[in-house]
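So this block is query-v1.txt, compact mmCIF, N, CA and C atoms:
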```
# COMPACT_ATOMS: atom_id res chain seq x y z
N MET W 1 122.20 91.57 96.19
CA MET W 1 121.15 90.72 96.70
C MET W 1 119.92 91.59 97.02
N PRO W 2 118.72 91.09 96.75
CA PRO W 2 117.53 91.89 97.00
C PRO W 2 117.35 92.24 98.46
N ASN W 3 116.67 93.34 98.69
CA ASN W 3 116.34 93.76 100.05
C ASN W 3 114.89 93.34 100.29
N TYR W 4 114.67 92.45 101.23
CA TYR W 4 113.34 91.91 101.45
C TYR W 4 112.58 92.72 102.48
N ASP W 5 111.31 92.97 102.15
CA ASP W 5 110.46 93.79 103.01
C ASP W 5 109.88 93.01 104.17
N ARG W 6 109.86 91.71 104.07
CA ARG W 6 109.15 90.89 105.05
C ARG W 6 109.80 90.99 106.42
N MET W 7 109.16 91.67 107.29
CA MET W 7 109.60 91.74 108.68
C MET W 7 108.42 91.29 109.54
N VAL W 8 108.71 90.47 110.47
CA VAL W 8 107.68 89.96 111.36
C VAL W 8 107.81 90.70 112.67
N SER W 9 106.76 91.36 113.05
CA SER W 9 106.82 92.10 114.31
C SER W 9 106.84 91.12 115.48
N GLU W 10 107.37 91.60 116.58
CA GLU W 10 107.43 90.78 117.78
C GLU W 10 106.04 90.34 118.20
N SER W 11 105.04 91.23 118.07
CA SER W 11 103.68 90.88 118.49
C SER W 11 103.06 89.83 117.56
N SER W 12 103.31 89.91 116.24
CA SER W 12 102.73 88.90 115.36
C SER W 12 103.40 87.55 115.54
N LEU W 13 104.71 87.54 115.79
CA LEU W 13 105.40 86.28 116.10
C LEU W 13 104.84 85.70 117.39
N ALA W 14 104.64 86.53 118.38
CA ALA W 14 104.08 86.07 119.65
C ALA W 14 102.70 85.46 119.44
N GLU W 15 101.89 86.09 118.60
CA GLU W 15 100.54 85.57 118.32
C GLU W 15 100.62 84.20 117.65
N MET W 16 101.51 84.06 116.67
CA MET W 16 101.67 82.77 115.98
C MET W 16 102.08 81.67 116.96
N LEU W 17 103.00 82.00 117.82
CA LEU W 17 103.46 81.02 118.80
C LEU W 17 102.37 80.67 119.80
N ARG W 18 101.65 81.68 120.30
CA ARG W 18 100.57 81.43 121.26
C ARG W 18 99.49 80.54 120.66
N ALA W 19 99.20 80.73 119.36
CA ALA W 19 98.18 79.92 118.70
C ALA W 19 98.57 78.44 118.69
N ARG W 20 99.86 78.16 118.84
CA ARG W 20 100.34 76.78 118.89
C ARG W 20 100.70 76.35 120.31
N GLY W 21 100.31 77.16 121.28
CA GLY W 21 100.58 76.82 122.66
C GLY W 21 102.03 77.07 123.07
N LEU W 22 102.73 77.90 122.32
CA LEU W 22 104.13 78.21 122.61
C LEU W 22 104.25 79.67 123.01
N ARG W 23 105.41 80.03 123.56
CA ARG W 23 105.61 81.43 123.93
C ARG W 23 106.78 82.01 123.17
N LEU W 24 106.78 83.32 123.08
CA LEU W 24 107.87 84.04 122.43
C LEU W 24 109.04 84.10 123.39
N THR W 25 110.17 83.61 122.94
CA THR W 25 111.39 83.70 123.74
C THR W 25 112.36 84.63 123.03
N ALA W 26 113.31 85.14 123.77
CA ALA W 26 114.34 86.00 123.18
C ALA W 26 115.09 85.25 122.09
N GLN W 27 115.37 83.96 122.34
CA GLN W 27 116.11 83.17 121.35
C GLN W 27 115.34 83.05 120.04
N ARG W 28 114.04 82.82 120.11
CA ARG W 28 113.23 82.68 118.90
C ARG W 28 113.23 83.98 118.11
N GLN W 29 113.09 85.09 118.82
CA GLN W 29 113.10 86.40 118.16
C GLN W 29 114.47 86.66 117.53
N LEU W 30 115.54 86.33 118.25
CA LEU W 30 116.89 86.56 117.73
C LEU W 30 117.19 85.70 116.51
N VAL W 31 116.75 84.46 116.52
CA VAL W 31 116.99 83.58 115.38
C VAL W 31 116.26 84.10 114.15
N LEU W 32 115.00 84.46 114.31
CA LEU W 32 114.24 85.00 113.18
C LEU W 32 114.89 86.27 112.65
N GLN W 33 115.28 87.15 113.55
CA GLN W 33 115.90 88.41 113.12
C GLN W 33 117.21 88.15 112.39
N ALA W 34 117.98 87.17 112.85
CA ALA W 34 119.25 86.84 112.20
C ALA W 34 119.01 86.35 110.77
N VAL W 35 118.00 85.50 110.57
CA VAL W 35 117.69 85.02 109.22
C VAL W 35 117.28 86.20 108.34
N LEU W 36 116.44 87.07 108.87
CA LEU W 36 116.01 88.23 108.08
C LEU W 36 117.18 89.14 107.74
N ASP W 37 118.07 89.35 108.69
CA ASP W 37 119.22 90.23 108.48
C ASP W 37 120.24 89.63 107.53
N LEU W 38 120.48 88.33 107.63
CA LEU W 38 121.52 87.69 106.83
C LEU W 38 121.09 87.38 105.40
N GLY W 39 119.80 87.25 105.18
CA GLY W 39 119.32 86.96 103.83
C GLY W 39 119.33 85.47 103.54
N HIS W 40 120.48 84.88 103.34
CA HIS W 40 120.66 83.44 103.17
C HIS W 40 121.69 83.03 104.21
N ALA W 41 121.33 82.09 105.06
CA ALA W 41 122.26 81.74 106.13
C ALA W 41 122.12 80.29 106.55
N SER W 42 123.25 79.67 106.82
CA SER W 42 123.26 78.32 107.38
C SER W 42 122.95 78.43 108.87
N PRO W 43 122.57 77.33 109.50
CA PRO W 43 122.36 77.37 110.96
C PRO W 43 123.61 77.87 111.69
N GLU W 44 124.77 77.51 111.19
CA GLU W 44 126.01 77.96 111.83
C GLU W 44 126.18 79.48 111.73
N GLN W 45 125.82 80.05 110.59
CA GLN W 45 125.89 81.50 110.44
C GLN W 45 124.86 82.20 111.32
N VAL W 46 123.67 81.62 111.43
CA VAL W 46 122.65 82.18 112.33
C VAL W 46 123.16 82.11 113.76
N HIS W 47 123.77 80.99 114.12
CA HIS W 47 124.33 80.82 115.47
C HIS W 47 125.36 81.90 115.77
N THR W 48 126.24 82.15 114.83
CA THR W 48 127.27 83.18 115.02
C THR W 48 126.62 84.55 115.24
N ALA W 49 125.62 84.87 114.44
CA ALA W 49 124.94 86.17 114.58
C ALA W 49 124.21 86.29 115.91
N VAL W 50 123.52 85.22 116.31
CA VAL W 50 122.77 85.24 117.57
C VAL W 50 123.72 85.34 118.76
N ARG W 51 124.84 84.65 118.70
CA ARG W 51 125.80 84.67 119.81
C ARG W 51 126.43 86.05 120.02
N GLU W 52 126.40 86.90 119.01
CA GLU W 52 126.89 88.27 119.19
C GLU W 52 126.02 89.03 120.17
N VAL W 53 124.76 88.63 120.25
CA VAL W 53 123.81 89.29 121.14
C VAL W 53 123.57 88.49 122.41
N ALA W 54 123.51 87.16 122.26
CA ALA W 54 123.21 86.28 123.39
C ALA W 54 124.19 85.12 123.36
N ALA W 55 125.29 85.27 124.06
CA ALA W 55 126.39 84.31 124.01
C ALA W 55 126.02 82.90 124.46
N GLY W 56 125.00 82.75 125.27
CA GLY W 56 124.65 81.45 125.82
C GLY W 56 123.80 80.56 124.94
N VAL W 57 123.41 81.02 123.76
CA VAL W 57 122.54 80.22 122.89
C VAL W 57 123.38 79.17 122.16
N ASN W 58 122.98 77.90 122.29
CA ASN W 58 123.76 76.84 121.65
C ASN W 58 123.20 76.48 120.28
N ILE W 59 123.98 75.73 119.52
CA ILE W 59 123.62 75.38 118.15
C ILE W 59 122.36 74.52 118.09
N THR W 60 122.13 73.69 119.10
CA THR W 60 120.92 72.86 119.13
C THR W 60 119.67 73.74 119.19
N THR W 61 119.73 74.79 119.97
CA THR W 61 118.62 75.74 120.06
C THR W 61 118.37 76.39 118.71
N ILE W 62 119.44 76.71 118.00
CA ILE W 62 119.31 77.34 116.67
C ILE W 62 118.58 76.38 115.73
N TYR W 63 119.02 75.13 115.65
CA TYR W 63 118.38 74.15 114.76
C TYR W 63 116.91 73.97 115.11
N ARG W 64 116.60 73.81 116.39
CA ARG W 64 115.20 73.61 116.80
C ARG W 64 114.35 74.83 116.49
N THR W 65 114.92 76.00 116.70
CA THR W 65 114.17 77.23 116.43
C THR W 65 113.94 77.41 114.94
N LEU W 66 114.93 77.11 114.12
CA LEU W 66 114.75 77.19 112.67
C LEU W 66 113.68 76.23 112.19
N GLU W 67 113.66 75.03 112.75
CA GLU W 67 112.61 74.06 112.40
C GLU W 67 111.23 74.59 112.79
N LEU W 68 111.12 75.17 113.97
CA LEU W 68 109.85 75.75 114.42
C LEU W 68 109.43 76.90 113.51
N LEU W 69 110.35 77.80 113.21
CA LEU W 69 110.03 78.94 112.36
C LEU W 69 109.62 78.48 110.96
N GLU W 70 110.19 77.38 110.50
CA GLU W 70 109.78 76.85 109.20
C GLU W 70 108.37 76.27 109.28
N ARG W 71 108.06 75.56 110.36
CA ARG W 71 106.69 75.04 110.54
C ARG W 71 105.68 76.17 110.62
N LEU W 72 106.09 77.30 111.18
CA LEU W 72 105.20 78.47 111.28
C LEU W 72 105.07 79.21 109.95
N GLY W 73 105.89 78.83 108.97
CA GLY W 73 105.84 79.47 107.66
C GLY W 73 106.60 80.78 107.59
N LEU W 74 107.51 81.00 108.53
CA LEU W 74 108.26 82.25 108.56
C LEU W 74 109.60 82.17 107.83
N VAL W 75 110.17 80.99 107.80
CA VAL W 75 111.42 80.78 107.07
C VAL W 75 111.27 79.52 106.24
N THR W 76 112.14 79.40 105.27
CA THR W 76 112.20 78.20 104.44
C THR W 76 113.67 77.88 104.22
N HIS W 77 113.92 76.68 103.75
CA HIS W 77 115.32 76.33 103.52
C HIS W 77 115.51 75.71 102.14
N THR W 78 116.73 75.74 101.72
CA THR W 78 117.15 75.06 100.50
C THR W 78 118.54 74.52 100.75
N HIS W 79 118.98 73.65 99.87
CA HIS W 79 120.32 73.10 100.01
C HIS W 79 121.19 73.68 98.91
N LEU W 80 122.16 74.49 99.31
CA LEU W 80 123.03 75.15 98.36
C LEU W 80 124.38 74.47 98.25
N SER W 81 124.57 73.43 99.02
CA SER W 81 125.82 72.66 98.97
C SER W 81 125.55 71.32 99.64
N HIS W 82 126.61 70.57 99.86
CA HIS W 82 126.45 69.27 100.51
C HIS W 82 126.35 69.42 102.02
N GLY W 83 126.55 70.61 102.54
CA GLY W 83 126.55 70.84 103.97
C GLY W 83 125.16 71.14 104.50
N SER W 84 125.12 72.01 105.47
CA SER W 84 123.87 72.39 106.14
C SER W 84 122.93 73.09 105.17
N PRO W 85 121.63 73.03 105.47
CA PRO W 85 120.68 73.79 104.65
C PRO W 85 120.91 75.29 104.83
N THR W 86 120.42 76.05 103.87
CA THR W 86 120.48 77.50 103.94
C THR W 86 119.06 78.01 104.12
N TYR W 87 118.86 78.86 105.13
CA TYR W 87 117.54 79.39 105.45
C TYR W 87 117.41 80.82 104.95
N HIS W 88 116.18 81.17 104.59
CA HIS W 88 115.86 82.55 104.26
C HIS W 88 114.39 82.79 104.57
N ALA W 89 114.02 84.04 104.60
CA ALA W 89 112.64 84.40 104.96
C ALA W 89 111.65 83.80 103.96
N ALA W 90 110.58 83.22 104.46
CA ALA W 90 109.57 82.61 103.60
C ALA W 90 108.79 83.66 102.83
N GLY W 91 108.76 84.88 103.30
CA GLY W 91 108.01 85.94 102.64
C GLY W 91 108.70 86.51 101.42
N GLU W 92 109.92 86.07 101.16
CA GLU W 92 110.63 86.54 99.98
C GLU W 92 109.92 86.04 98.74
N HIS W 93 110.13 86.75 97.63
CA HIS W 93 109.62 86.24 96.37
C HIS W 93 110.36 84.94 96.08
N GLN W 94 109.72 84.04 95.37
CA GLN W 94 110.41 82.80 95.02
C GLN W 94 111.54 83.13 94.07
N HIS W 95 112.61 82.40 94.19
CA HIS W 95 113.77 82.64 93.34
C HIS W 95 114.58 81.37 93.21
N VAL W 96 115.36 81.32 92.15
CA VAL W 96 116.29 80.23 91.92
C VAL W 96 117.66 80.70 92.37
N HIS W 97 118.36 79.86 93.09
CA HIS W 97 119.70 80.22 93.56
C HIS W 97 120.74 79.81 92.54
N LEU W 98 121.68 80.70 92.27
CA LEU W 98 122.85 80.41 91.45
C LEU W 98 124.03 80.38 92.40
N VAL W 99 124.68 79.25 92.52
CA VAL W 99 125.75 79.07 93.50
C VAL W 99 127.07 78.86 92.75
N CYS W 100 128.04 79.73 93.03
CA CYS W 100 129.35 79.61 92.41
C CYS W 100 130.17 78.56 93.15
N ARG W 101 130.64 77.57 92.43
CA ARG W 101 131.47 76.51 93.03
C ARG W 101 132.87 77.00 93.37
N GLU W 102 133.29 78.11 92.77
CA GLU W 102 134.64 78.62 93.02
C GLU W 102 134.70 79.48 94.28
N CYS W 103 133.85 80.52 94.35
CA CYS W 103 133.95 81.48 95.47
C CYS W 103 132.80 81.35 96.47
N GLY W 104 131.78 80.55 96.14
CA GLY W 104 130.66 80.37 97.06
C GLY W 104 129.60 81.45 96.99
N ALA W 105 129.75 82.40 96.08
CA ALA W 105 128.76 83.48 95.95
C ALA W 105 127.40 82.89 95.59
N ILE W 106 126.36 83.53 96.11
CA ILE W 106 124.99 83.11 95.83
C ILE W 106 124.28 84.28 95.16
N ASP W 107 123.72 84.03 94.02
CA ASP W 107 122.94 85.04 93.31
C ASP W 107 121.54 84.46 93.12
N GLU W 108 120.63 85.26 92.62
CA GLU W 108 119.26 84.82 92.43
C GLU W 108 118.77 85.22 91.06
N ILE W 109 117.90 84.39 90.50
CA ILE W 109 117.23 84.72 89.25
C ILE W 109 115.74 84.44 89.41
N ASP W 110 114.98 85.03 88.53
CA ASP W 110 113.54 84.83 88.52
C ASP W 110 113.24 83.38 88.13
N PRO W 111 112.41 82.69 88.90
CA PRO W 111 112.12 81.28 88.58
C PRO W 111 111.41 81.10 87.25
N GLU W 112 110.82 82.15 86.73
CA GLU W 112 110.12 82.02 85.44
C GLU W 112 111.07 81.68 84.31
N LEU W 113 112.36 81.94 84.50
CA LEU W 113 113.34 81.54 83.49
C LEU W 113 113.37 80.02 83.31
N LEU W 114 112.99 79.30 84.36
CA LEU W 114 112.96 77.84 84.28
C LEU W 114 111.59 77.28 83.91
N ARG W 115 110.61 78.16 83.74
CA ARG W 115 109.25 77.71 83.43
C ARG W 115 109.19 76.80 82.21
N PRO W 116 109.87 77.14 81.08
CA PRO W 116 109.80 76.22 79.92
C PRO W 116 110.31 74.82 80.26
N LEU W 117 111.39 74.71 81.01
CA LEU W 117 111.91 73.41 81.42
C LEU W 117 110.90 72.70 82.32
N ALA W 118 110.35 73.42 83.29
CA ALA W 118 109.37 72.83 84.21
C ALA W 118 108.15 72.32 83.44
N ASP W 119 107.68 73.11 82.49
CA ASP W 119 106.52 72.70 81.68
C ASP W 119 106.84 71.46 80.85
N GLN W 120 108.04 71.42 80.30
CA GLN W 120 108.45 70.27 79.50
C GLN W 120 108.56 69.01 80.36
N LEU W 121 109.11 69.13 81.56
CA LEU W 121 109.19 67.98 82.46
C LEU W 121 107.80 67.49 82.87
N ALA W 122 106.90 68.43 83.09
CA ALA W 122 105.53 68.04 83.45
C ALA W 122 104.86 67.29 82.30
N ALA W 123 105.02 67.80 81.08
CA ALA W 123 104.37 67.18 79.92
C ALA W 123 104.99 65.83 79.57
N GLN W 124 106.31 65.74 79.63
CA GLN W 124 106.98 64.52 79.17
C GLN W 124 107.14 63.46 80.26
N ARG W 125 107.27 63.89 81.50
CA ARG W 125 107.56 62.94 82.57
C ARG W 125 106.51 62.93 83.69
N GLY W 126 105.57 63.87 83.63
CA GLY W 126 104.59 63.96 84.71
C GLY W 126 105.22 64.44 86.01
N PHE W 127 106.33 65.14 85.89
CA PHE W 127 107.09 65.59 87.06
C PHE W 127 106.88 67.08 87.27
N ARG W 128 106.44 67.45 88.48
CA ARG W 128 106.20 68.85 88.80
C ARG W 128 107.38 69.40 89.59
N VAL W 129 108.06 70.37 89.01
CA VAL W 129 109.24 70.97 89.63
C VAL W 129 108.80 72.05 90.61
N ASP W 130 109.38 72.03 91.80
CA ASP W 130 109.19 73.10 92.77
C ASP W 130 110.23 74.17 92.42
N ILE W 131 109.88 75.04 91.49
CA ILE W 131 110.84 76.00 90.96
C ILE W 131 111.40 76.91 92.04
N GLY W 132 110.63 77.23 93.04
CA GLY W 132 111.11 78.11 94.10
C GLY W 132 112.10 77.44 95.04
N HIS W 133 112.44 76.19 94.77
CA HIS W 133 113.34 75.44 95.65
C HIS W 133 114.50 74.85 94.83
N VAL W 134 114.91 75.58 93.79
CA VAL W 134 115.94 75.08 92.89
C VAL W 134 117.24 75.85 93.11
N SER W 135 118.34 75.12 93.06
CA SER W 135 119.67 75.73 93.11
C SER W 135 120.46 75.20 91.92
N LEU W 136 121.10 76.11 91.22
CA LEU W 136 121.95 75.74 90.09
C LEU W 136 123.39 76.06 90.46
N PHE W 137 124.27 75.13 90.16
CA PHE W 137 125.68 75.28 90.52
C PHE W 137 126.50 75.50 89.26
N GLY W 138 127.49 76.36 89.38
CA GLY W 138 128.37 76.65 88.25
C GLY W 138 129.46 77.60 88.69
N VAL W 139 129.92 78.41 87.77
CA VAL W 139 130.98 79.38 88.05
C VAL W 139 130.44 80.77 87.71
N CYS W 140 130.56 81.69 88.66
CA CYS W 140 130.05 83.05 88.46
C CYS W 140 130.92 83.80 87.46
N GLU W 141 130.41 84.90 86.98
CA GLU W 141 131.12 85.71 85.99
C GLU W 141 132.47 86.19 86.51
N ARG W 142 132.50 86.62 87.77
CA ARG W 142 133.76 87.11 88.33
C ARG W 142 134.83 86.03 88.33
N CYS W 143 134.47 84.84 88.77
CA CYS W 143 135.45 83.74 88.80
C CYS W 143 135.81 83.30 87.38
N GLU W 144 134.84 83.28 86.50
CA GLU W 144 135.08 82.90 85.10
C GLU W 144 136.09 83.84 84.45
N ASN W 145 136.02 85.12 84.83
CA ASN W 145 136.93 86.12 84.29
C ASN W 145 138.24 86.23 85.06
N GLY W 146 138.38 85.42 86.10
CA GLY W 146 139.61 85.42 86.88
C GLY W 146 139.71 86.56 87.88
N ASP W 147 138.59 87.24 88.14
CA ASP W 147 138.59 88.34 89.13
C ASP W 147 138.71 87.77 90.52
N GLN W 148 139.33 88.52 91.42
CA GLN W 148 139.42 88.12 92.82
C GLN W 148 138.10 88.39 93.50
N LYS W 149 137.90 87.77 94.68
CA LYS W 149 136.67 87.97 95.47
C LYS W 149 136.44 89.42 95.78
```
Could the structure of this file be written out as structure tokens, please?
Amino acid sequence: MPNYDRMVSESSLAEMLRARGLRLTAQRQLVLQAVLDLGHASPEQVHTAVREVAAGVNITTIYRTLELLERLGLVTHTHLSHGSPTYHAAGEHQHVHLVCRECGAIDEIDPELLRPLADQLAAQRGFRVDIGHVSLFGVCERCENGDQK
């Protein structure tokens, strides 16, 4: 999985929050850091990571904080399954998610691989694909070859 450079300093997060009349809390900083550290994470995974540092943070706080961080443009989400959304840093390069239905592995590809399809859909159907928000489901090479996790 790629290593993302996007790190938001505590002072820049504080400035973004102050501009909206909000303050920087330890929980907000911890949630953002968990998303950055985990790469792709469900709210439940973020909750688990945050609770390692601050046991009193509840799941409702995690959901509200993720929504706030998304409104601030710091994180974004996609749906990689029928369950909870998966969050990742908004500063990452856009990518298409490849999700293995067998083992749950998530890989990424360059969205330009889908550009011909997106262009064809635009020309034939007038439909504009948000390529950076696409997930493709299938079976990864390891599972296809019968390899263990």
field: W:Leu80 surroundings by all atoms listed in the file, 7 Å radius, close-in-sequence under 3 positions cut, as an MDAnalysis selection string
entry: chainID W and resid 83:86 99 135
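Near W:Gln45, within 12 Å and counting only C-alpha atoms, sit Val31, Ala34, Val35, Asp37, Leu38, Gly39, Arg51, Glu52, Ile59, Ile62, Tyr63, Ser84, Pro85, Thr86, Tyr87 and His88 of chain W; same-chain residues fewer than 6 positions away were not included.
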- request: Kindly give the distance, in Å, that separates atom CA of W:Leu98 and atom CA of W:Phe137, rounded to a single decimal.
  value: 5.9 Å
- prompt: Please, which residues are within 6.5 Å of (112.4, 85.3, 88.7) by the file's coordinates, counting all atoms listed in the file, and could they come as a PyMOL selection string?
  reply: chain W and resi 94-96+109-113
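Going from atom CA of W:Asp130 to atom CA of W:Pro43 covers 22.9 Å.
For the set W:Leu32, W:Val134, W:Leu66, W:Leu117, the residue with the smallest atom-to-atom gap to W:Thr78 is W:Val134, counting all atoms listed in the file.
Atom C of W:His47 sits 13.9 Å away from atom CA of W:Ala26.
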